[in-house]
>>> print(open('start_24.csv').read())   # CSV, C-alpha atoms
chain,number,residue,atom,x,y,z
A,1,MET,CA,81.6,115.6,91.1
A,2,LEU,CA,83.6,115.3,87.9
A,3,LEU,CA,84.9,118.5,86.3
A,4,GLU,CA,83.4,119.3,82.9
A,5,ALA,CA,85.0,121.6,80.4
A,6,ASP,CA,81.7,123.3,79.4
A,7,ARG,CA,80.8,123.9,83.1
A,8,SER,CA,84.2,125.0,84.4
A,9,GLN,CA,86.1,128.2,84.7
A,10,LEU,CA,89.6,128.7,86.0
A,11,LEU,CA,90.5,131.1,88.8
A,12,ILE,CA,94.1,132.0,89.6
A,13,VAL,CA,94.4,133.6,93.0
A,14,ASP,CA,97.1,136.1,93.8
A,15,GLU,CA,100.1,134.5,92.1
A,16,GLN,CA,102.1,137.7,92.4
A,17,GLU,CA,105.8,138.4,92.4
A,18,ARG,CA,106.3,139.3,96.1
A,19,LEU,CA,103.9,136.7,97.4
A,20,MET,CA,105.3,133.8,95.4
A,21,ALA,CA,108.8,134.6,96.5
A,22,ALA,CA,107.8,133.7,100.1
A,23,MET,CA,105.8,130.5,99.4
A,24,GLN,CA,107.0,127.0,100.1
A,25,GLY,CA,106.7,125.0,96.9
A,26,ALA,CA,106.2,128.0,94.8
A,27,GLU,CA,107.9,126.6,91.7
A,28,ALA,CA,105.8,123.4,91.7
A,29,ALA,CA,102.6,125.4,92.3
A,30,LEU,CA,103.4,127.8,89.4
A,31,ALA,CA,104.2,124.8,87.1
A,32,ALA,CA,100.8,123.3,87.9
A,33,SER,CA,99.0,126.6,87.4
A,34,LEU,CA,100.7,127.0,84.0
A,35,ARG,CA,99.5,123.5,83.1
A,36,LEU,CA,95.9,124.5,84.0
A,37,ILE,CA,96.0,127.8,82.1
A,38,ALA,CA,97.3,126.0,79.0
A,39,ALA,CA,94.5,123.4,79.2
A,40,ALA,CA,91.9,126.0,79.9
A,41,ARG,CA,93.0,128.1,76.9
A,42,ARG,CA,93.2,125.1,74.6
A,43,LEU,CA,89.6,124.1,75.6
A,44,GLY,CA,88.3,127.7,75.3
A,45,MET,CA,87.5,128.1,79.0
A,46,PRO,CA,87.2,131.4,80.8
A,47,ILE,CA,90.2,132.3,83.1
A,48,THR,CA,90.2,135.0,85.8
A,49,ALA,CA,93.2,136.0,87.9
A,50,SER,CA,93.0,138.1,91.0
A,51,GLU,CA,95.8,140.3,92.3
A,52,GLN,CA,95.8,141.2,96.0
A,53,TYR,CA,96.7,144.8,96.5
A,54,PRO,CA,99.1,144.9,93.5
A,55,LYS,CA,100.4,148.4,94.4
A,56,GLY,CA,102.1,146.8,97.4
A,57,LEU,CA,102.5,143.1,96.4
A,58,GLY,CA,103.4,143.6,92.8
A,59,PRO,CA,101.8,142.2,89.6
A,60,THR,CA,101.1,138.6,88.7
A,61,VAL,CA,104.3,136.6,88.1
A,62,ALA,CA,105.5,137.3,84.6
A,63,ALA,CA,105.4,133.7,83.5
A,64,VAL,CA,101.7,133.4,84.5
A,65,ALA,CA,100.7,136.9,83.3
A,66,ALA,CA,102.1,136.1,79.8
A,67,THR,CA,99.7,133.2,79.4
A,68,LEU,CA,96.5,135.0,80.6
A,69,PRO,CA,93.9,136.6,78.4
A,70,ASN,CA,94.3,140.4,78.3
A,71,ASP,CA,91.2,141.1,80.4
A,72,ALA,CA,91.7,138.3,82.9
A,73,ARG,CA,93.6,140.2,85.7
A,74,LEU,CA,91.6,142.1,88.3
A,75,ALA,CA,92.9,143.8,91.5
A,76,LYS,CA,91.3,143.2,94.9
A,77,LEU,CA,91.7,144.2,98.5
A,78,HIS,CA,89.5,141.6,100.2
A,79,PHE,CA,90.9,138.2,100.9
A,80,ALA,CA,88.0,136.3,99.4
A,81,VAL,CA,87.6,136.9,95.6
A,82,THR,CA,83.8,136.8,96.2
A,83,ALA,CA,83.9,140.0,98.3
A,84,ASP,CA,85.1,142.0,95.3
A,85,ALA,CA,82.2,143.1,93.1
A,86,GLY,CA,84.3,143.2,89.9
A,87,LEU,CA,85.8,139.8,90.3
A,88,MET,CA,82.5,138.2,91.4
A,89,GLY,CA,80.7,139.8,88.6
A,90,ARG,CA,83.2,138.4,86.1
A,91,LEU,CA,82.9,134.9,87.6
A,92,ALA,CA,79.1,135.0,87.6
A,93,GLY,CA,79.0,136.4,84.1
A,94,PHE,CA,80.5,133.2,82.7
A,95,ALA,CA,77.6,131.1,84.1
A,96,ARG,CA,79.9,128.2,84.8
A,97,PRO,CA,79.3,126.7,88.2
A,98,GLN,CA,82.5,124.7,88.5
A,99,VAL,CA,85.3,127.0,89.6
A,100,VAL,CA,88.8,125.4,89.5
A,101,ILE,CA,91.1,127.3,91.9
A,102,ALA,CA,94.9,127.6,92.0
A,103,GLY,CA,97.0,130.2,93.8
A,104,VAL,CA,98.1,131.5,97.2
A,105,GLU,CA,97.9,131.5,100.0
A,106,ALA,CA,96.1,128.2,100.5
A,107,HIS,CA,95.1,129.1,104.1
A,108,VAL,CA,94.0,132.7,103.4
A,109,CYS,CA,92.7,133.8,100.0
A,110,VAL,CA,92.3,130.4,98.4
A,111,LEU,CA,90.5,129.0,101.5
A,112,GLN,CA,88.2,132.0,101.9
A,113,THR,CA,87.4,132.2,98.2
A,114,ALA,CA,86.6,128.5,97.9
A,115,ILE,CA,84.4,128.4,101.0
A,116,ALA,CA,82.5,131.5,100.0
A,117,LEU,CA,82.0,130.2,96.5
A,118,LYS,CA,80.6,127.0,98.0
A,119,ARG,CA,78.2,129.0,100.1
A,120,ARG,CA,77.0,130.8,97.0
A,121,GLY,CA,76.1,127.6,95.2
A,122,TYR,CA,79.2,127.2,93.1
A,123,GLN,CA,81.2,123.9,92.9
A,124,PRO,CA,84.7,125.0,93.8
A,125,ALA,CA,87.6,122.6,93.2
A,126,VAL,CA,91.0,123.5,94.7
A,127,VAL,CA,93.9,122.2,92.8
A,128,TRP,CA,96.2,121.0,95.6
A,129,ASP,CA,99.4,120.9,93.6
A,130,ALA,CA,98.7,124.4,92.3
A,131,VAL,CA,98.4,126.1,95.7
A,132,ALA,CA,101.0,127.1,98.2
A,133,SER,CA,101.5,128.8,101.6
A,134,ARG,CA,104.5,130.2,103.4
A,135,ALA,CA,104.4,127.3,105.9
A,136,ALA,CA,103.6,123.7,105.3
A,137,GLU,CA,101.5,123.6,108.5
A,138,SER,CA,99.2,126.4,107.2
A,139,LYS,CA,98.7,124.5,103.9
A,140,GLU,CA,97.7,121.4,105.8
A,141,LEU,CA,95.3,123.3,108.0
A,142,ALA,CA,93.7,124.8,104.9
A,143,ARG,CA,93.3,121.2,103.5
A,144,ASP,CA,91.4,120.2,106.7
A,145,ARG,CA,89.1,123.2,106.6
A,146,LEU,CA,88.4,122.9,102.9
A,147,LEU,CA,87.4,119.3,103.2
A,148,ALA,CA,85.3,120.0,106.3
A,149,ASN,CA,83.4,122.6,104.3
A,150,GLY,CA,82.7,120.3,101.4
A,151,VAL,CA,85.2,121.7,99.0
A,152,GLU,CA,86.7,119.3,96.4
A,153,LEU,CA,90.5,118.9,96.4
A,154,VAL,CA,92.0,117.7,93.1
A,155,ASN,CA,95.4,117.8,91.3
A,156,SER,CA,96.2,119.4,88.0
A,157,GLU,CA,96.4,116.0,86.2
A,158,MET,CA,92.9,115.1,87.4
A,159,VAL,CA,91.6,118.4,86.2
A,160,VAL,CA,93.1,118.1,82.7
A,161,PHE,CA,91.8,114.6,82.1
A,162,GLU,CA,88.4,115.4,83.5
A,163,TRP,CA,88.1,118.4,81.3
A,164,LEU,CA,89.2,116.3,78.3
A,165,GLY,CA,86.8,113.5,79.1
A,166,ALA,CA,88.1,111.1,76.4
A,167,ALA,CA,91.2,110.2,74.4
A,168,GLY,CA,91.5,110.3,70.7
A,169,THR,CA,90.6,113.9,70.2
A,170,PRO,CA,92.8,116.7,68.9
A,171,GLU,CA,92.5,118.3,72.3
A,172,PHE,CA,93.7,115.1,74.0
A,173,LYS,CA,96.7,114.9,71.6
A,174,ASP,CA,97.6,118.6,72.4
A,175,LEU,CA,97.1,118.4,76.2
A,176,SER,CA,98.3,114.9,77.1
A,177,ALA,CA,101.8,116.2,76.9
A,178,LEU,CA,101.1,118.6,79.7
A,179,VAL,CA,100.8,115.7,82.3
A,180,ARG,CA,103.7,113.6,81.1
>>> encode(input="start_24.csv", output="structure tokens")
Amino acid sequence: MLLEADRSQLLIVDEQERLMAAMQGAEAALAASLRLIAAARRLGMPITASEQYPKGLGPTVAAVAATLPNDARLAKLHFAVTADAGLMGRLAGFARPQVVIAGVEAHVCVLQTAIALKRRGYQPAVVWDAVASRAAESKELARDRLLANGVELVNSEMVVFEWLGAAGTPEFKDLSALVR
């Protein structure tokens, strides 16, 4: 499948202060997530961000939180976003079947969310340069399981150009700088 801006929504999973501090490749994953958020905002796409037990793990990283719409952050206790009624209701309410996923940890919340979305008939795409885990081995195991379960793996540049669809537009001019 190719990602289409009018059929996609962006989901940022648990990019929280205490979690990100423990992730391998956190800086690169955050940079890719910020690229996706900028593109989604410019293209008028819905964005949702989950926070895993924020009372204990802290809020979303400030750099990410500052770029999110005011109503985008929702707390959860379940690992899969789909198990939380508020989050799932928000995703379903946008009526956009392509869910582009960034966040942590690749082998826990990202994996469980992507597989559960696939089972529910969504078309999840995990943005591989925008996810992280504490251990490289865990991220690689997540990759194997996601692929085995039919989940698309993409990178942030692929997402931006697929959402754009063509050059020569004002959106292309604005967003092409994100991937240089």
>>> closest_residue(input="start_24.csv", among="A:Ser133, A:Gln98, A:Thr113, A:Ser8", to="A:Ala40", atoms="all atoms listed in the file")
A:Ser8
>>> atom_distance(input="start_24.csv", atom1="atom CA of A:Val81", atom2="atom CA of A:Ile47")
13.6 Å
>>> residues_around(input="start_24.csv", residues="A:Thr48", least_positions_apart="4", cutoff="10 Å", atoms="all atoms listed in the file", output="VMD selection string")
chain A and resid 9 to 13 37 68 to 69 71 to 74 87 90 to 91 101
>>> write_last_selection(input="start_24.csv", atoms="C-alpha atoms", output="PDB file, in the coordinates of the input")
ATOM      1  CA  GLN A   9      86.100 128.200  84.700  1.00  0.00           C
ATOM      2  CA  LEU A  10      89.600 128.700  86.000  1.00  0.00           C
ATOM      3  CA  LEU A  11      90.500 131.100  88.800  1.00  0.00           C
ATOM      4  CA  ILE A  12      94.100 132.000  89.600  1.00  0.00           C
ATOM      5  CA  VAL A  13      94.400 133.600  93.000  1.00  0.00           C
ATOM      6  CA  ILE A  37      96.000 127.800  82.100  1.00  0.00           C
ATOM      7  CA  LEU A  68      96.500 135.000  80.600  1.00  0.00           C
ATOM      8  CA  PRO A  69      93.900 136.600  78.400  1.00  0.00           C
ATOM      9  CA  ASP A  71      91.200 141.100  80.400  1.00  0.00           C
ATOM     10  CA  ALA A  72      91.700 138.300  82.900  1.00  0.00           C
ATOM     11  CA  ARG A  73      93.600 140.200  85.700  1.00  0.00           C
ATOM     12  CA  LEU A  74      91.600 142.100  88.300  1.00  0.00           C
ATOM     13  CA  LEU A  87      85.800 139.800  90.300  1.00  0.00           C
ATOM     14  CA  ARG A  90      83.200 138.400  86.100  1.00  0.00           C
ATOM     15  CA  LEU A  91      82.900 134.900  87.600  1.00  0.00           C
ATOM     16  CA  ILE A 101      91.100 127.300  91.900  1.00  0.00           C
TER      17      ILE A 101
END
>>> residues_near_point(input="start_24.csv", point="(90.7, 138.7, 97.0)", cutoff="12 Å", atoms="all atoms listed in the file", output="CSV table (one decimal) with C-alpha atoms, in the coordinates of the input")
chain,number,residue,atom,x,y,z
A,11,LEU,CA,90.5,131.1,88.8
A,12,ILE,CA,94.1,132.0,89.6
A,13,VAL,CA,94.4,133.6,93.0
A,14,ASP,CA,97.1,136.1,93.8
A,15,GLU,CA,100.1,134.5,92.1
A,48,THR,CA,90.2,135.0,85.8
A,49,ALA,CA,93.2,136.0,87.9
A,50,SER,CA,93.0,138.1,91.0
A,51,GLU,CA,95.8,140.3,92.3
A,52,GLN,CA,95.8,141.2,96.0
A,53,TYR,CA,96.7,144.8,96.5
A,54,PRO,CA,99.1,144.9,93.5
A,73,ARG,CA,93.6,140.2,85.7
A,74,LEU,CA,91.6,142.1,88.3
A,75,ALA,CA,92.9,143.8,91.5
A,76,LYS,CA,91.3,143.2,94.9
A,77,LEU,CA,91.7,144.2,98.5
A,78,HIS,CA,89.5,141.6,100.2
A,79,PHE,CA,90.9,138.2,100.9
A,80,ALA,CA,88.0,136.3,99.4
A,81,VAL,CA,87.6,136.9,95.6
A,82,THR,CA,83.8,136.8,96.2
A,83,ALA,CA,83.9,140.0,98.3
A,84,ASP,CA,85.1,142.0,95.3
A,85,ALA,CA,82.2,143.1,93.1
A,86,GLY,CA,84.3,143.2,89.9
A,87,LEU,CA,85.8,139.8,90.3
A,88,MET,CA,82.5,138.2,91.4
A,103,GLY,CA,97.0,130.2,93.8
A,104,VAL,CA,98.1,131.5,97.2
A,105,GLU,CA,97.9,131.5,100.0
A,108,VAL,CA,94.0,132.7,103.4
A,109,CYS,CA,92.7,133.8,100.0
A,110,VAL,CA,92.3,130.4,98.4
A,111,LEU,CA,90.5,129.0,101.5
A,112,GLN,CA,88.2,132.0,101.9
A,113,THR,CA,87.4,132.2,98.2
A,114,ALA,CA,86.6,128.5,97.9
A,116,ALA,CA,82.5,131.5,100.0
>>> closest_atom_pairs(input="start_24.csv", of="stretch 61-174 of chain A", to="stretch 20-29 of chain A", cutoff="10 Å", atoms="only C-alpha atoms", output="JSON lines")
{"residue": "A:Val61", "atom": "CA", "partner": "A:Met20", "partner_atom": "CA", "distance": 7.9}
{"residue": "A:Ala102", "atom": "CA", "partner": "A:Ala29", "partner_atom": "CA", "distance": 8.0}
{"residue": "A:Gly103", "atom": "CA", "partner": "A:Ala29", "partner_atom": "CA", "distance": 7.5}
{"residue": "A:Val104", "atom": "CA", "partner": "A:Met20", "partner_atom": "CA", "distance": 7.8}
{"residue": "A:Glu105", "atom": "CA", "partner": "A:Met23", "partner_atom": "CA", "distance": 8.0}
{"residue": "A:Val127", "atom": "CA", "partner": "A:Ala29", "partner_atom": "CA", "distance": 9.3}
{"residue": "A:Trp128", "atom": "CA", "partner": "A:Ala29", "partner_atom": "CA", "distance": 8.4}
{"residue": "A:Asp129", "atom": "CA", "partner": "A:Ala29", "partner_atom": "CA", "distance": 5.7}
{"residue": "A:Ala130", "atom": "CA", "partner": "A:Ala29", "partner_atom": "CA", "distance": 4.0}
{"residue": "A:Val131", "atom": "CA", "partner": "A:Ala29", "partner_atom": "CA", "distance": 5.4}
{"residue": "A:Ala132", "atom": "CA", "partner": "A:Met23", "partner_atom": "CA", "distance": 6.0}
{"residue": "A:Ser133", "atom": "CA", "partner": "A:Met23", "partner_atom": "CA", "distance": 5.1}
{"residue": "A:Arg134", "atom": "CA", "partner": "A:Met23", "partner_atom": "CA", "distance": 4.2}
{"residue": "A:Ala135", "atom": "CA", "partner": "A:Gln24", "partner_atom": "CA", "distance": 6.4}
{"residue": "A:Ala136", "atom": "CA", "partner": "A:Gln24", "partner_atom": "CA", "distance": 7.0}
{"residue": "A:Lys139", "atom": "CA", "partner": "A:Gln24", "partner_atom": "CA", "distance": 9.5}
{"residue": "A:Ser156", "atom": "CA", "partner": "A:Ala29", "partner_atom": "CA", "distance": 9.8}
>>> atom_distance(input="start_24.csv", atom1="atom CA of A:Glu157", atom2="atom CA of A:Asn70")
25.7 Å
>>> atom_distance(input="start_24.csv", atom1="atom CA of A:Arg96", atom2="atom CA of A:Leu153")
18.3 Å
>>> build_atoms(input="start_24.csv", residues="stretch 32-62 of chain A", atoms="N, CA and C atoms", output="PDB file, in the frame of the given file")
ATOM      1  N   ALA A  32     102.133 123.857  87.981  1.00  0.00           N
ATOM      2  CA  ALA A  32     100.800 123.300  87.900  1.00  0.00           C
ATOM      3  C   ALA A  32      99.785 124.325  87.399  1.00  0.00           C
ATOM      4  N   SER A  33      99.915 125.559  87.849  1.00  0.00           N
ATOM      5  CA  SER A  33      99.000 126.600  87.400  1.00  0.00           C
ATOM      6  C   SER A  33      99.183 126.861  85.884  1.00  0.00           C
ATOM      7  N   LEU A  34     100.412 126.859  85.412  1.00  0.00           N
ATOM      8  CA  LEU A  34     100.700 127.000  84.000  1.00  0.00           C
ATOM      9  C   LEU A  34     100.058 125.899  83.174  1.00  0.00           C
ATOM     10  N   ARG A  35     100.100 124.693  83.715  1.00  0.00           N
ATOM     11  CA  ARG A  35      99.500 123.500  83.100  1.00  0.00           C
ATOM     12  C   ARG A  35      97.961 123.763  82.962  1.00  0.00           C
ATOM     13  N   LEU A  36      97.350 124.236  84.038  1.00  0.00           N
ATOM     14  CA  LEU A  36      95.900 124.500  84.000  1.00  0.00           C
ATOM     15  C   LEU A  36      95.530 125.593  83.048  1.00  0.00           C
ATOM     16  N   ILE A  37      96.321 126.647  83.019  1.00  0.00           N
ATOM     17  CA  ILE A  37      96.000 127.800  82.100  1.00  0.00           C
ATOM     18  C   ILE A  37      96.143 127.273  80.653  1.00  0.00           C
ATOM     19  N   ALA A  38      97.175 126.489  80.348  1.00  0.00           N
ATOM     20  CA  ALA A  38      97.300 126.000  79.000  1.00  0.00           C
ATOM     21  C   ALA A  38      96.124 125.116  78.591  1.00  0.00           C
ATOM     22  N   ALA A  39      95.684 124.263  79.498  1.00  0.00           N
ATOM     23  CA  ALA A  39      94.500 123.400  79.200  1.00  0.00           C
ATOM     24  C   ALA A  39      93.265 124.241  79.032  1.00  0.00           C
ATOM     25  N   ALA A  40      93.054 125.186  79.936  1.00  0.00           N
ATOM     26  CA  ALA A  40      91.900 126.000  79.900  1.00  0.00           C
ATOM     27  C   ALA A  40      91.844 126.821  78.542  1.00  0.00           C
ATOM     28  N   ARG A  41      92.969 127.347  78.163  1.00  0.00           N
ATOM     29  CA  ARG A  41      93.000 128.100  76.900  1.00  0.00           C
ATOM     30  C   ARG A  41      92.754 127.221  75.708  1.00  0.00           C
ATOM     31  N   ARG A  42      93.343 126.048  75.694  1.00  0.00           N
ATOM     32  CA  ARG A  42      93.200 125.100  74.600  1.00  0.00           C
ATOM     33  C   ARG A  42      91.688 124.708  74.440  1.00  0.00           C
ATOM     34  N   LEU A  43      91.020 124.576  75.582  1.00  0.00           N
ATOM     35  CA  LEU A  43      89.600 124.100  75.600  1.00  0.00           C
ATOM     36  C   LEU A  43      88.633 125.303  75.541  1.00  0.00           C
ATOM     37  N   GLY A  44      89.145 126.528  75.416  1.00  0.00           N
ATOM     38  CA  GLY A  44      88.300 127.700  75.300  1.00  0.00           C
ATOM     39  C   GLY A  44      87.528 128.062  76.539  1.00  0.00           C
ATOM     40  N   MET A  45      88.143 127.791  77.684  1.00  0.00           N
ATOM     41  CA  MET A  45      87.500 128.100  79.000  1.00  0.00           C
ATOM     42  C   MET A  45      87.837 129.436  79.502  1.00  0.00           C
ATOM     43  N   PRO A  46      86.925 130.063  80.245  1.00  0.00           N
ATOM     44  CA  PRO A  46      87.200 131.400  80.800  1.00  0.00           C
ATOM     45  C   PRO A  46      88.257 131.250  81.963  1.00  0.00           C
ATOM     46  N   ILE A  47      89.118 132.262  82.035  1.00  0.00           N
ATOM     47  CA  ILE A  47      90.200 132.300  83.100  1.00  0.00           C
ATOM     48  C   ILE A  47      90.084 133.704  83.706  1.00  0.00           C
ATOM     49  N   THR A  48      90.185 133.713  85.031  1.00  0.00           N
ATOM     50  CA  THR A  48      90.200 135.000  85.800  1.00  0.00           C
ATOM     51  C   THR A  48      91.428 134.851  86.746  1.00  0.00           C
ATOM     52  N   ALA A  49      92.132 135.965  86.930  1.00  0.00           N
ATOM     53  CA  ALA A  49      93.200 136.000  87.900  1.00  0.00           C
ATOM     54  C   ALA A  49      93.074 137.218  88.785  1.00  0.00           C
ATOM     55  N   SER A  50      93.126 136.967  90.091  1.00  0.00           N
ATOM     56  CA  SER A  50      93.000 138.100  91.000  1.00  0.00           C
ATOM     57  C   SER A  50      94.451 138.516  91.431  1.00  0.00           C
ATOM     58  N   GLU A  51      94.556 139.792  91.805  1.00  0.00           N
ATOM     59  CA  GLU A  51      95.800 140.300  92.300  1.00  0.00           C
ATOM     60  C   GLU A  51      95.490 141.066  93.621  1.00  0.00           C
ATOM     61  N   GLN A  52      96.048 140.576  94.718  1.00  0.00           N
ATOM     62  CA  GLN A  52      95.800 141.200  96.000  1.00  0.00           C
ATOM     63  C   GLN A  52      96.695 142.425  96.168  1.00  0.00           C
ATOM     64  N   TYR A  53      96.066 143.559  96.286  1.00  0.00           N
ATOM     65  CA  TYR A  53      96.700 144.800  96.500  1.00  0.00           C
ATOM     66  C   TYR A  53      98.030 144.926  95.654  1.00  0.00           C
ATOM     67  N   PRO A  54      97.893 144.948  94.316  1.00  0.00           N
ATOM     68  CA  PRO A  54      99.100 144.900  93.500  1.00  0.00           C
ATOM     69  C   PRO A  54     100.036 146.089  93.655  1.00  0.00           C
ATOM     70  N   LYS A  55      99.527 147.218  94.140  1.00  0.00           N
ATOM     71  CA  LYS A  55     100.400 148.400  94.400  1.00  0.00           C
ATOM     72  C   LYS A  55     101.475 148.007  95.418  1.00  0.00           C
ATOM     73  N   GLY A  56     101.119 147.176  96.387  1.00  0.00           N
ATOM     74  CA  GLY A  56     102.100 146.800  97.400  1.00  0.00           C
ATOM     75  C   GLY A  56     102.736 145.437  97.177  1.00  0.00           C
ATOM     76  N   LEU A  57     102.004 144.508  96.560  1.00  0.00           N
ATOM     77  CA  LEU A  57     102.500 143.100  96.400  1.00  0.00           C
ATOM     78  C   LEU A  57     102.991 142.833  94.991  1.00  0.00           C
ATOM     79  N   GLY A  58     102.900 143.810  94.105  1.00  0.00           N
ATOM     80  CA  GLY A  58     103.400 143.600  92.800  1.00  0.00           C
ATOM     81  C   GLY A  58     102.382 142.910  91.862  1.00  0.00           C
ATOM     82  N   PRO A  59     102.732 142.822  90.592  1.00  0.00           N
ATOM     83  CA  PRO A  59     101.800 142.200  89.600  1.00  0.00           C
ATOM     84  C   PRO A  59     101.910 140.674  89.664  1.00  0.00           C
ATOM     85  N   THR A  60     101.053 140.051  88.890  1.00  0.00           N
ATOM     86  CA  THR A  60     101.100 138.600  88.700  1.00  0.00           C
ATOM     87  C   THR A  60     102.472 138.226  88.156  1.00  0.00           C
ATOM     88  N   VAL A  61     102.997 137.094  88.605  1.00  0.00           N
ATOM     89  CA  VAL A  61     104.300 136.600  88.100  1.00  0.00           C
ATOM     90  C   VAL A  61     104.298 136.625  86.604  1.00  0.00           C
ATOM     91  N   ALA A  62     105.381 137.084  86.036  1.00  0.00           N
ATOM     92  CA  ALA A  62     105.500 137.300  84.600  1.00  0.00           C
ATOM     93  C   ALA A  62     105.145 136.047  83.787  1.00  0.00           C
TER      94      ALA A  62
END
